[in-house]
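K.L.:
Questions regarding the structure given below will be posed in turn.
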Amino acid sequence: MEAIAAYFLPLLLLPFSLYLFSIIRRSGSNDQKKLPPGSPGWPILGENIRFSLSPEKFVSDRMSKHSPEIFQSSLHGEKMATFCGAKGNKFLFSNENKLLASWWPQSLRKVLWFPKITDSDTNVDSTYNRILHRDVLSPEALKKFVPVMDALAREHMERHWKPDSVVKILPLVKKYTFELACRLFMSVVDPVRVKKIYEPFSEVTKGVLSVPVDLPWTAYRRAIRAGEVIREELMRMVEQRKKELNEGVGEDEERDFLSKMVMLRDEDGEFLSEKEICNEIIVMLLASYDTTTSAITGVINHLAQLPHIYNEVFKEQMAIAESKGPGDLLTWDDIEKMKFSWSVARESLRLMPPAVGAFREATTEFTYSGFTIPKGWKTFWTVHSTHKNPDCFPEPERFDPARFKGSGPVPYTFVPFGGGPKMCPGKEYARLELLIMMHNVVTRFKLEETIPNEKIVYHATPTPVHGLPLRLHPHCE
Ligand code: HEM
């Protein structure tokens, strides 16, 4: 009850500000321009609530009602033009840094990052950022982490996935993805220290989704405080690591992402500051945790529901397992053999995409399909305008990994990781995490649903409402 009150309290305080805001907004100066069709919804609240309840329905309803190409709405207190279809995706992905710049809702930035750095978005597009993603998250850089990921997955299965029992998959996957991130990002393995980061982190993930009003007792205020706690903890780690690396006490820069970041120099030979490193780690934690959790849970759900798909994945994964010696960990070469499994994972990402899309800001006024997008408006591309659109994917509800055979889907239609220069830099990390988990699950267990076709709801990502309880049947020897 208290939690619900904290979440909705700001709504009760809003009516007066809504009234003022609506007066200010009516005096806007875009009357002469042909703006995209649509409705901005309630002042301040905009259409946030409808959007968060079901982004998929939100988008498909507006595409049918207003236009299949572009519509306007108001999200995060901003005028927002949603570009739809492959054409809309292509336009946005191709105009990065020309007509559009990165934009994150202020509410999110306030919770996550050190304020001095986030007064502008520059850090998001900086040279550091590009180098960081190239050096830390590229396939080349991640290759050597495959056995580490597999070792942690095995240990996790031994500890938590009990044969012949019913286990809730979602909380287990959450635990795995967070522990893995702590290990790979910062070499934190001690459960007490993992918990110390996890507790404030889960406040942050709850709070960034709440109504962003910074008052006592709100979930948003708790998220801001929790963000401070995480930053303090991370700052300690970064300083300690810098010291160790400077003193050369047996640490090497290949140890984890943190060491790589500490040793990284930009094109002018400058190191990242401690605060920049903290910001990067927080962004990576947040960007990876819910998304990969949802992706892994989604694919396990599909494997449990579709025995014919499970059997094909099982065959592929067993062939890999049988080609290895006892106790050998997975390697990059093994991952490269998991072709059918990756098609299955992609089809699962098409049907249950963990990320809805992303925002940008129009840095100049431009037209699209005959409509004006004024400077300062925000834009949005979304997986929901193509992934289940029958024009892009015939029989869109059918699970069919064969869609990824050959050259695969038409460009700009399958976009779980976005596209263009700002495509998710964690795509490869996510691919490895997904495939390694699929390998570990199917080579151990057959999966039986205990709640057939469990309902999926949106809690930032698609989430099975009961946490996906499955019965685990070990394979006979
Ligand atoms: C299945 C899992 C994942 C999905 C579906 C996903 C999806 C996305 C999407 C759609 C974006 C926005 C792209 C855009 O702005 O147009 C994004 C950004 C980002 N992702 Fe991922 N992601 C996943 C996993 C990860 C992982 C594992 C990491 C890090 C280890 C990561 C790090 C990031 C970062 C840092 C950004 C912001 C990039 C920037 O603005 O420069 N993601 N992701």
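If you're wondering about the labels, chains in the structure tokens are A, B, ... by order shown, residues count from 1 in each chain, ligands from 1 in order shown.
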Identify, counting only C-alpha atoms and all ligand atoms, the protein, DNA and RNA residues located within 7 Å of ligand 1, and give them as a count of residues only.

P.N.:
32

K.L.:
Neighbours of A:Pro200 within 12 Å (only C-alpha atoms; same-chain residues fewer than 2 positions away dropped), as JSON, numbers by chain?

P.N.:
{"A": [111, 112, 193, 194, 195, 196, 197, 198, 202, 203, 204, 205, 206, 207, 222, 223, 224, 225, 226, 227, 228, 229, 230, 231, 232, 233, 282]}

K.L.:
Counting only C-alpha atoms, which of A:Val442, A:Val188, A:Ala319, A:Val415 gets nearest to A:Pro307?

P.N.:
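Checking each candidate against A:Pro307, we get A:Val442 as the closest.
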
K.L.:
From a DSSP calculation on the backbone, collect every residue of stretch 97-337 of chain A in strand (DSSP E or B) and output the set as a short mmCIF file (atom, residue, chain, number, x, y, z; two decimals) with C-alpha atoms, in the first residue's frame.

P.N.:
data_model
loop_
_atom_site.label_atom_id
_atom_site.label_comp_id
_atom_site.auth_asym_id
_atom_site.auth_seq_id
_atom_site.Cartn_x
_atom_site.Cartn_y
_atom_site.Cartn_z
CA LEU A 100 19.04 14.43 -34.60
CA ALA A 101 21.02 14.17 -31.39
CA SER A 102 20.88 11.85 -28.42
CA VAL A 166 9.34 -26.36 -10.39
CA VAL A 167 11.50 -23.22 -10.50
CA LYS A 168 10.57 -19.64 -11.28
CA ARG A 265 42.82 6.93 -23.60
CA PHE A 271 42.23 9.12 -19.60
#

K.L.:
For A:Asp61, which of A:Arg346, A:Ser294, A:Ser385, A:Ala181 is the closest residue, counting only C-alpha atoms?

P.N.:
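Among the listed residues, the smallest separation from A:Asp61 belongs to A:Ser385.
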
K.L.:
Report as an NGL selection string all protein, DNA and RNA residues lying within 8 Å of A:Pro55, evaluated on only C-alpha atoms, omitting residues in the same chain fewer than 4 positions from it.

P.N.:
:A and (50-51 or 59 or 356 or 384)
